[in-house]
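Peer 1: Take this structure, written in structure tokens, and hold onto it; I'll ask about it next.
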Amino acid sequence: MRYMATYDLMETIRNTNQWLGASALAMGSYPAFALIPNPTFSWMTAWGEVTERSFQRMIVKPDWNIPPVPSMDGQDHLVSTEIVVQKDFGDLLHFVVADREPPKRKVLLIAPMSGHYATLLRSTVISLLPDADLYITDWHNARDIPVSAGKFDIEDYTLYLVEFLRELGPDTHVIAVCQPAPLALAATAYLAEEDPDAQPRSLTLIGGPVDPDATPTDVTDFGRRVGMGQLEEMMIQRVGFKYPGVGRMVYPGLLQLTSFISMNMDTHAKAFMNQVSRVAQGEAQEHDKHNRFYDEYLAVMDMTAEFYLSTVERIFKNLEIAKNEFVVAGKKVDLGKITTVAVKTVEGSNDDISAPGQCVAALNLCTGLPDEKKASHLEEGAGHYGIFAGKSWRKNIRPLVLDFIDANSDAPKPSKARRQAKPKKPANKNAAA
């Protein structure tokens with residue numbers, strides 16, 4: 001109950017700040033105050049508007065709100081979402097473009113489970129839709145998942161990816177952004193041994209911590225400085241009574257958001273005050289740059305405790321992916337078994353979350369992959385967000401990724417060993433085929 005009380009206390013603080021903002025907005029908006037030539041009331045109203053919006057967004061899942069896709073036929077085609085595979089902790093979502101023949105490129109965009117919803121990749125989705133038949137992993141907020149659904153750790157996450165890839169088929173190209181990069185690599189290696197025909201054509205890893213020790217940052221090194229017991233005591237709470245997942249142990253999104261903001265406190269504080277000033281002077285708009293960014297940035301989701309703790313312990317502390325020692329469902333996954341899937345890594349030179357070197361390490365781990373199937377790109381001057389959603393992505397990285405997909409769209413030729421292997425007949429009717 002102590003953890004549940006802590007969770008409810010955090011929600012109470014958030015709710016109180018939202019209420020204070022709404023109260024200031026309502027009070028400052030009284031027509032009578034317009035008769036008083038004092039800017040205090042305008043500033044109070046502006047502060048209330050920005051504060052209420054900021055704290056209210058923290059518990060709302062953003063809409064995809066994808067604009068129509070222009071096409072060669074001169075028409076704009078409406079976009080809708082369709083759930084292809086529905087599971088307790090996440091869905092496989094398909095972006096359906098009405099009245100359009102599906103493009104040849106079939107792409108699975110693997111969204112991170114690191115405190116934000118998959119809608120964090122909304123601009124990435126918009127940029128890829130004109131040129132790809134696009135799918136995405138839509139992870140659920142742990143606070144909304146009943147305890148009866150069971151656990152969800154990084155092995156379960158990997159098996160979800162395996163199931164999604166089997167559903168989509170072997171003509172799929174995978175783009176994994178940030179946190180899922182090492183697990184997407186593991187899922188591909190798992191399929192290489194268990195179901196080779198379900199492997200994707202290509203795998204693009206963007207800014208992910210495949211080897212966090214290659215170039216440690218404050219984010220990736222945090223897990224190594226803090227003991228697991230200490231981490232569990234500080235970070236894990238039990239979902240309060242307000243949500244369907246009451247009683248589930250989680251790493252709260254509000255804690256993750258606090259960590260994100262503390263990394264660049266001055267920048268966020270300045271952005272908040274500048275927006276208050278713009279609202280007070282009548283210069284702000286509903287969908288201006290500030291609101292577009294913070295409506296998404298402040299919308300956070302809880303992660304299951306077991307997923308958060310197993311990620312820290314196995315990816316960052318024990319370096320199981322970096323050492324090629326990762327185990328899924330009792331089976332050791334050998335990254336060297338990836339022999340036909342083309343792998344490309346993308347990094348930003350100014351990435352302060354997953355620094356250059358952490359992601360490109362994947363290429364050395366794919367010991368069974370020929371060099372012509374490997375590629376890497378370092379985007380100069382780009383930060384973490386920029387390599388998958390910013391200007392760097394739109395102008396430089398996206399065209400390179402699409403070219404990489406096109407270059408590896410043909411079905412791989414079977415290896416010599418597979419061509420020579422002949423199926424054996426079962427010794428008796430009870431033997432495995």
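Chain lettering (A, B, ...) mirrors the order of the structure tokens, residue numbering begins at 1 for each chain separately, and ligand numbering begins at 1 in order of display.
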Can you check which parts of segment 7-119 of chain A lie within 12 Å of segment 133-154 of chain A? Per residue, the shortest pair of atoms and distance in Å to one decimal, counting only C-alpha atoms, sorted by chain and number, as CSV.

Peer 2:
```
residue,atom,partner,partner_atom,distance
A:Tyr7,CA,A:Arg143,CA,10.6
A:Asp8,CA,A:Arg143,CA,11.9
A:Ile59,CA,A:Asn141,CA,10.1
A:Val60,CA,A:Asn141,CA,10.5
A:Lys61,CA,A:Asn141,CA,8.9
A:Trp64,CA,A:Asp138,CA,10.9
A:Val69,CA,A:Asp133,CA,11.9
A:Val79,CA,A:Leu134,CA,11.0
A:Ser80,CA,A:Leu134,CA,11.5
A:Thr81,CA,A:Tyr135,CA,9.3
A:Glu82,CA,A:Tyr135,CA,9.4
A:Ile83,CA,A:Asp138,CA,9.3
A:Val84,CA,A:Tyr135,CA,9.0
A:Val85,CA,A:Thr137,CA,9.7
A:Gln86,CA,A:Asp138,CA,9.6
A:Lys87,CA,A:His140,CA,9.3
A:Asp88,CA,A:Ala149,CA,6.6
A:Phe89,CA,A:His140,CA,5.2
A:Gly90,CA,A:Trp139,CA,4.0
A:Asp91,CA,A:Asp138,CA,5.1
A:Leu92,CA,A:Thr137,CA,5.0
A:Leu93,CA,A:Ile136,CA,5.2
A:His94,CA,A:Tyr135,CA,4.4
A:Phe95,CA,A:Leu134,CA,5.8
A:Val96,CA,A:Asp133,CA,7.9
A:Val97,CA,A:Asp133,CA,8.5
A:Ala98,CA,A:Asp133,CA,11.7
A:Arg100,CA,A:Asp133,CA,10.1
A:Glu101,CA,A:Asp133,CA,9.2
A:Pro102,CA,A:Asp133,CA,5.6
A:Pro103,CA,A:Asp133,CA,5.5
A:Lys104,CA,A:Asp133,CA,7.3
A:Arg105,CA,A:Asp133,CA,6.0
A:Lys106,CA,A:Asp133,CA,4.7
A:Val107,CA,A:Leu134,CA,5.0
A:Leu108,CA,A:Tyr135,CA,4.7
A:Leu109,CA,A:Ile136,CA,4.6
A:Ile110,CA,A:Thr137,CA,5.3
A:Ala111,CA,A:Thr137,CA,5.8
A:Pro112,CA,A:Trp139,CA,8.4
A:Met113,CA,A:Trp139,CA,6.8
A:Ser114,CA,A:Trp139,CA,10.1
A:Gly115,CA,A:Asn141,CA,9.0
A:His116,CA,A:Asn141,CA,9.1
A:Tyr117,CA,A:Trp139,CA,6.9
A:Ala118,CA,A:Asp138,CA,5.5
A:Thr119,CA,A:Asp138,CA,8.3
```

Peer 1: Show me, as JSON, numbers by chain, the residues that have an atom within 9 Å of Gly240 of chain A when counting only C-alpha atoms, minus same-chain residues fewer than 5 positions from it.

Peer 2: {"A": [3, 4, 5, 6, 7, 8, 11, 143, 245, 246, 247, 248]}

Peer 1: Please, which residues in segment 175-274 of chain A fall within 6 Å of segment 340-345 of chain A when counting only C-alpha atoms, and what is the closest atom pair and distance in Å to one decimal for each, ordered by chain then residue number, as JSON lines?

Peer 2:
```
{"residue": "A:Arg201", "atom": "CA", "partner": "A:Val341", "partner_atom": "CA", "distance": 5.3}
{"residue": "A:Ser202", "atom": "CA", "partner": "A:Ala342", "partner_atom": "CA", "distance": 4.5}
{"residue": "A:Leu203", "atom": "CA", "partner": "A:Val343", "partner_atom": "CA", "distance": 4.8}
{"residue": "A:Thr204", "atom": "CA", "partner": "A:Lys344", "partner_atom": "CA", "distance": 4.7}
{"residue": "A:Leu205", "atom": "CA", "partner": "A:Thr345", "partner_atom": "CA", "distance": 4.8}
{"residue": "A:Ile206", "atom": "CA", "partner": "A:Thr345", "partner_atom": "CA", "distance": 5.9}
```

Peer 1: Would you list, as JSON, numbers by chain, the residues of segment 370-408 of chain A that end up in strand (DSSP E or B) under DSSP run on this structure's backbone?

Peer 2: {"A": [374, 375, 376, 377, 378, 379]}

Peer 1: Taking only C-alpha atoms into account, which of A:Pro130, A:Leu365, A:Pro170, A:Glu325 comes nearest Asp76 of chain A?

Peer 2: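 Distance minimum relative to Asp76 of chain A lands on A:Pro130.
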
Peer 1: Distance atom CA of Leu165 of chain A-atom CA of Ala198 of chain A, one decimal place?

Peer 2: 6.6 Å

Peer 1: Using only C-alpha atoms, determine which residues lie at most 9 Å from Asp156 of chain A, disregarding the query and same-chain residues fewer than 4 positions distant; provide the list as a PyMOL selection string.

Peer 2: chain A and resi 151-152+160-161+307+328-329

Peer 1: Using DSSP assignments from the backbone, pull out every residue in segment 76-297 of chain A that falls under helix (DSSP H, G or I) and give it to me as a PyMOL selection string.

Peer 2: chain A and resi 118-131+142-144+147-149+154-168+181-194+196-198+218-225+228-235+253-263+265-280+289-297

Peer 1: Out of A:Asp218, A:Glu283, A:Asp352, A:Asp213, which residue has the shortest atom-to-atom distance to Phe316 of chain A when counting only C-alpha atoms?

Peer 2: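 For Phe316 of chain A, the nearest of the given residues is A:Asp213.
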
Peer 1: List the spatial neighbours of Phe272 of chain A as a list in words - criterion: any atom at most 12 Å away, only C-alpha atoms, same-chain residues fewer than 2 positions off excluded.

Peer 2: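 Here the qualifying residues turn out to be Ala46, Trp47, Gly48, Glu49, Val50, Thr51, Arg53, Ser54, Ile261, Met265, Asp266, Thr267, His268, Ala269, Lys270, Asn274, Gln275, Val276, Ser277, Arg278, Val279, His290, Asn291, Phe293 and Tyr294 of chain A.
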
Peer 1: How about saving the chosen residues, C-alpha atoms kept, as a tab-separated table (two decimals), in the first residue's frame?

Peer 2:
```tsv
chain	number	residue	atom	x	y	z
A	46	ALA	CA	-1.82	33.15	-19.69
A	47	TRP	CA	-0.04	31.27	-16.90
A	48	GLY	CA	-3.26	29.41	-16.10
A	49	GLU	CA	-3.85	28.42	-19.71
A	50	VAL	CA	-0.33	27.06	-20.24
A	51	THR	CA	-0.21	25.34	-16.85
A	53	ARG	CA	-2.76	22.39	-20.68
A	54	SER	CA	0.66	21.12	-19.61
A	261	ILE	CA	12.88	17.44	-18.05
A	265	MET	CA	15.65	22.02	-17.12
A	266	ASP	CA	16.74	25.47	-18.29
A	267	THR	CA	15.52	24.82	-21.84
A	268	HIS	CA	12.09	23.62	-20.72
A	269	ALA	CA	11.65	26.40	-18.16
A	270	LYS	CA	12.50	29.00	-20.78
A	274	ASN	CA	8.12	32.14	-23.43
A	275	GLN	CA	4.80	30.45	-24.15
A	276	VAL	CA	3.17	32.26	-21.22
A	277	SER	CA	4.47	35.51	-22.66
A	278	ARG	CA	3.12	34.72	-26.14
A	279	VAL	CA	-0.30	33.79	-24.75
A	290	HIS	CA	5.26	24.89	-28.67
A	291	ASN	CA	1.90	23.14	-28.31
A	293	PHE	CA	5.84	19.57	-29.31
A	294	TYR	CA	4.74	19.61	-25.67
```

Peer 1: List as a PDB file with N, CA, C and O atoms, in the first residue's frame the protein and nucleic acid residues near Glu313 of chain A, meaning an atom at most 8 Å away when only C-alpha atoms are counted, but skip any in the same chain fewer than 4 places from it.

Peer 2:
```
ATOM      1  N   GLY A 223      22.013   3.219 -15.077  1.00  0.00           N
ATOM      2  CA  GLY A 223      21.733   1.883 -14.578  1.00  0.00           C
ATOM      3  C   GLY A 223      22.933   1.193 -13.980  1.00  0.00           C
ATOM      4  O   GLY A 223      22.797   0.294 -13.148  1.00  0.00           O
ATOM      5  N   MET A 228      20.355  -2.576  -8.321  1.00  0.00           N
ATOM      6  CA  MET A 228      19.001  -2.955  -8.695  1.00  0.00           C
ATOM      7  C   MET A 228      18.030  -2.793  -7.522  1.00  0.00           C
ATOM      8  O   MET A 228      16.893  -2.361  -7.706  1.00  0.00           O
ATOM      9  N   LEU A 309      12.917  -2.896 -15.088  1.00  0.00           N
ATOM     10  CA  LEU A 309      14.033  -3.450 -14.319  1.00  0.00           C
ATOM     11  C   LEU A 309      14.842  -4.438 -15.157  1.00  0.00           C
ATOM     12  O   LEU A 309      16.081  -4.452 -15.072  1.00  0.00           O
ATOM     13  N   LYS A 317      23.255  -3.181 -17.564  1.00  0.00           N
ATOM     14  CA  LYS A 317      24.210  -3.663 -16.563  1.00  0.00           C
ATOM     15  C   LYS A 317      24.972  -4.895 -17.051  1.00  0.00           C
ATOM     16  O   LYS A 317      26.199  -4.912 -17.070  1.00  0.00           O
ATOM     17  N   ASN A 318      24.219  -5.932 -17.419  1.00  0.00           N
ATOM     18  CA  ASN A 318      24.866  -7.188 -17.819  1.00  0.00           C
ATOM     19  C   ASN A 318      25.292  -7.212 -19.279  1.00  0.00           C
ATOM     20  O   ASN A 318      26.018  -8.120 -19.693  1.00  0.00           O
TER      21      ASN A 318
END
```
